[in-house]
Each structure stands twice: as structure tokens, then as C-alpha cells.
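Taking it in order: structure first as C-alpha cells, then the write-up.
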Amino acid sequence: MIRKSWWKILAFVLLMYTSLMGFLVDVPSPPGVPLQQSIRNLFFHVPMWFGMMVLFTVSLVYAIKYLREPNSLNDYYSLEYARTGAVFGILGLTTGSVWANAQWGSPWSGDPKQTGAAIAVLIYLAYFVLRGSLNDDEKKARIGAVYNIFAFFMLFPTLWILPRLTESLHPGGLGSEGNPGLNPKDSTPELKLVFWPAVIGWTLLAVWITTLRIRVQILNEKNNSYNG
């Protein structure tokens, strides 16, 4: 039992470590940058985006697998990984707004990276609306898989390309002057010792949640087959 659940235990340990050390670790105060304590959001905001990208990537893989080998299991995996990924995307936007309010004076400033992230999440939310509008299960899975592939590749212009070509307060943008929490020059070994365990812990938690959702889908399918 322990050998099968080691990664769940690891997720719990890492998140306990993150929750504790995230508020106890010494944080830097670069000259001229009023980071104060807001940089601690680094351990909760950024891992949401890491986890989201992992989940959306796995969802993409299963969408392609479904198109090559149509079966309900591949569809369940693709759907549920996309669902949890969208939740993590919303959490990323929420925690980012908290950080933006502390650093930029407003939770939403229309920054290109904020806007691009919101568009990316909305594209995935449209995926669930599309699936919900179809009644035929096979058509729902097939069209959903095609849209899933489209949604994944839309992440690149909305998150990585267009926001970097315009002026941005967010780190990584052209002329960026925002919170340099991820700037290697301003980061510290102590921050990294909390940040990377946080990324792994939150991502494992996301996978754990998704596997539970998949099990529910499989049980519902078996129950419907039995009642039918």
C-alpha cells in the first residue's frame, strides 16, 4: 500500500513543508524594490502555473491518444486533467491578483501577462462549455479532443509570446519592472529550497485530485452499464 501511495505521501510532506517554511524562510529585500513580505506568494502563485502546464500537457497527450485509439478511458483522462488544470489556472490568476495588489496597487491592472493568462483560462473554460453542449458521448469526446489540442497550442501565444513583446510590469515582459521574485539575481538559495518543493508538491496534489476524479468517472460508467 505504501509503495503504491509513496507519491501521495510525498505530496503531503512537501506541502506541509511549503506551508510552514513559506512563512518562516528569510526573504530578500532588493534595494529600491518594496517586496516586503509579498514575495512569499512565490511559493503559492507560481507553482499554480507550473502545475497547470503539467496538467494541460498530460491532457493534450490523452486527447491525441483518444483520436488515435478512441475509448472512454482516454477521454476521461484528457477531460479530468484539463479540468484540474483549469482550476489551477484560476488559482494562479487569483493568487497573482493578490500579489499584484500588494506590488502594483491594484489586483487587476490590465497588464499583458494578466490579460493573456485570463484569455488562456477562458479558452479552456470554453472547452467544458463545448462538451456540455453536446449530447452524443462519442461526438463529445472526439470534438473535445480536437478542441483540447487547439486550446493547448493557444497557451503559447497567450502566455509566452505576445506578453513578452509588450511593456509589462510582470517579470519577463519587455521593459518589465515588476516583482523580481523569479529574477536569479534577486533570488536566494533559501527561497529556492522552498520554491522547488512547492512546485513539486502542488503538482503532485493536482495529479492526486485528478486521479480521484478519473476513478469517479470510471465508477459512474460501471454503474450506468450495470443499471442499463
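How things are named: the first chain in the C-alpha cells is A, the next is B, and so on; residues count from 1 in each chain; ligands count from 1 in the order shown.
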Q.
Using only C-alpha atoms, which protein or nucleic acid residues come within 7 Å of range 57-60 of chain A? Drop anything in the same chain fewer than 2 positions from it, and give the result as a PyMOL selection string.
A. chain A and resi 53-55+62-64+77-79+81-82+148-149+152
Grab the residues selected above and save them as an mmCIF file, in the first residue's frame with N, CA and C atoms.
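As a result, again00.cif now contains:
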data_model
loop_
_atom_site.group_PDB
_atom_site.id
_atom_site.type_symbol
_atom_site.label_atom_id
_atom_site.label_comp_id
_atom_site.auth_asym_id
_atom_site.auth_seq_id
_atom_site.Cartn_x
_atom_site.Cartn_y
_atom_site.Cartn_z
ATOM 1 N N MET A 53 0.462 23.850 -16.339
ATOM 2 C CA MET A 53 1.099 23.442 -17.590
ATOM 3 C C MET A 53 1.318 21.939 -17.643
ATOM 4 N N VAL A 54 1.691 21.330 -16.523
ATOM 5 C CA VAL A 54 1.867 19.873 -16.486
ATOM 6 C C VAL A 54 0.541 19.181 -16.774
ATOM 7 N N LEU A 55 -0.523 19.652 -16.125
ATOM 8 C CA LEU A 55 -1.832 19.035 -16.303
ATOM 9 C C LEU A 55 -2.351 19.194 -17.723
ATOM 10 N N TYR A 62 -3.422 12.708 -23.791
ATOM 11 C CA TYR A 62 -4.556 11.782 -23.817
ATOM 12 C C TYR A 62 -5.580 12.171 -24.873
ATOM 13 N N ALA A 63 -5.662 13.455 -25.217
ATOM 14 C CA ALA A 63 -6.541 13.868 -26.317
ATOM 15 C C ALA A 63 -6.044 13.267 -27.628
ATOM 16 N N ILE A 64 -4.729 13.322 -27.834
ATOM 17 C CA ILE A 64 -4.146 12.723 -29.043
ATOM 18 C C ILE A 64 -4.331 11.207 -29.026
ATOM 19 N N TYR A 77 -9.299 10.664 -18.947
ATOM 20 C CA TYR A 77 -8.007 11.226 -18.561
ATOM 21 C C TYR A 77 -7.828 12.628 -19.138
ATOM 22 N N SER A 78 -8.141 12.774 -20.421
ATOM 23 C CA SER A 78 -7.987 14.068 -21.075
ATOM 24 C C SER A 78 -8.884 15.117 -20.429
ATOM 25 N N LEU A 79 -10.135 14.757 -20.177
ATOM 26 C CA LEU A 79 -11.094 15.692 -19.592
ATOM 27 C C LEU A 79 -10.698 16.117 -18.186
ATOM 28 N N TYR A 81 -7.788 15.871 -16.521
ATOM 29 C CA TYR A 81 -6.545 16.631 -16.392
ATOM 30 C C TYR A 81 -6.751 18.073 -16.847
ATOM 31 N N ALA A 82 -7.578 18.274 -17.877
ATOM 32 C CA ALA A 82 -7.895 19.637 -18.311
ATOM 33 C C ALA A 82 -8.715 20.358 -17.254
ATOM 34 N N ASN A 148 -9.266 20.438 -27.507
ATOM 35 C CA ASN A 148 -8.235 20.390 -26.468
ATOM 36 C C ASN A 148 -6.853 20.662 -27.070
ATOM 37 N N ILE A 149 -6.587 20.083 -28.219
ATOM 38 C CA ILE A 149 -5.301 20.298 -28.890
ATOM 39 C C ILE A 149 -5.156 21.772 -29.279
ATOM 40 N N PHE A 152 -4.485 23.896 -26.139
ATOM 41 C CA PHE A 152 -3.118 23.780 -25.620
ATOM 42 C C PHE A 152 -2.159 24.667 -26.406
#
Please give the complete set of residues from range 36-221 of chain A that DSSP, run on the backbone, assigns to helix (DSSP H, G or I), formatted as a ChimeraX atom specification. /A:38-43,46-68,72-104,112-132,137-153,155-165,189-221
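Across A:Phe12, A:Trp6, A:Tyr66, A:Trp99, the tightest approach to Gln37 in chain A is made by A:Trp99 when counting only C-alpha atoms.
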Shortest contact to Asn101 in chain A, candidates A:Ala86, A:Asn41, A:Glu80, A:Ser72, atoms counted only C-alpha atoms, goes to A:Asn41
Taking only C-alpha atoms into account, which of A:Pro47, A:Pro28, A:Gly22, A:Gly201 comes nearest Thr188 in chain A?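 Among A:Pro47, A:Pro28, A:Gly22, A:Gly201, it is A:Pro28 that comes nearest to Thr188 in chain A.
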Non-local contacts of Met21 in chain A (10 Å; only C-alpha atoms; under 6 positions in same chain excluded) as a list of chain:residue names: A:Leu15, A:Arg40, A:Phe43, A:Glu190, A:Leu191, A:Leu193, A:Val194, A:Phe195
Nearest residue to Trp160 in chain A out of A:Pro107, A:Gly144, A:Pro112, A:Gly89, using only C-alpha atoms?
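That would be A:Pro112, the residue with the smallest distance to Trp160 in chain A.
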Residue contacts of Ala126 in chain A (12 Å, only C-alpha atoms) excluding same-chain residues fewer than 3 positions away, as a PDB file with C-alpha atoms, in the first residue's frame:
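Printed below is result.pdb as written:
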ATOM      1  CA  ALA A  82      -7.895  19.637 -18.311  1.00  0.00           C
ATOM      2  CA  ARG A  83     -10.469  20.270 -15.581  1.00  0.00           C
ATOM      3  CA  ALA A  86      -8.256  24.983 -15.401  1.00  0.00           C
ATOM      4  CA  ILE A 119      -7.613  34.523 -22.082  1.00  0.00           C
ATOM      5  CA  ALA A 120      -5.807  31.165 -21.815  1.00  0.00           C
ATOM      6  CA  VAL A 121      -8.035  30.077 -18.932  1.00  0.00           C
ATOM      7  CA  LEU A 122     -11.165  31.264 -20.741  1.00  0.00           C
ATOM      8  CA  ILE A 123     -10.212  29.202 -23.809  1.00  0.00           C
ATOM      9  CA  VAL A 129     -18.917  24.543 -22.337  1.00  0.00           C
ATOM     10  CA  LEU A 130     -18.435  22.896 -25.741  1.00  0.00           C
ATOM     11  CA  ARG A 131     -18.512  19.416 -24.249  1.00  0.00           C
ATOM     12  CA  GLY A 132     -21.573  20.274 -22.196  1.00  0.00           C
ATOM     13  CA  SER A 133     -23.443  21.440 -25.292  1.00  0.00           C
ATOM     14  CA  GLY A 144     -13.487  17.804 -27.308  1.00  0.00           C
ATOM     15  CA  TYR A 147     -10.548  21.468 -29.303  1.00  0.00           C
ATOM     16  CA  ASN A 148      -8.235  20.390 -26.468  1.00  0.00           C
ATOM     17  CA  PHE A 150      -6.226  23.767 -30.172  1.00  0.00           C
ATOM     18  CA  ALA A 151      -6.537  25.122 -26.608  1.00  0.00           C
TER      19      ALA A 151
END
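The space separating CA of Ser19 in chain A from CA of Ile214 in chain A comes to 27.5 Å.
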Between A:Val61, A:Leu162, A:Met52, A:Ala100, which one has atoms that come closest to Ala206 in chain A, using only C-alpha atoms?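 Among A:Val61, A:Leu162, A:Met52, A:Ala100, it is A:Met52 that comes nearest to Ala206 in chain A.
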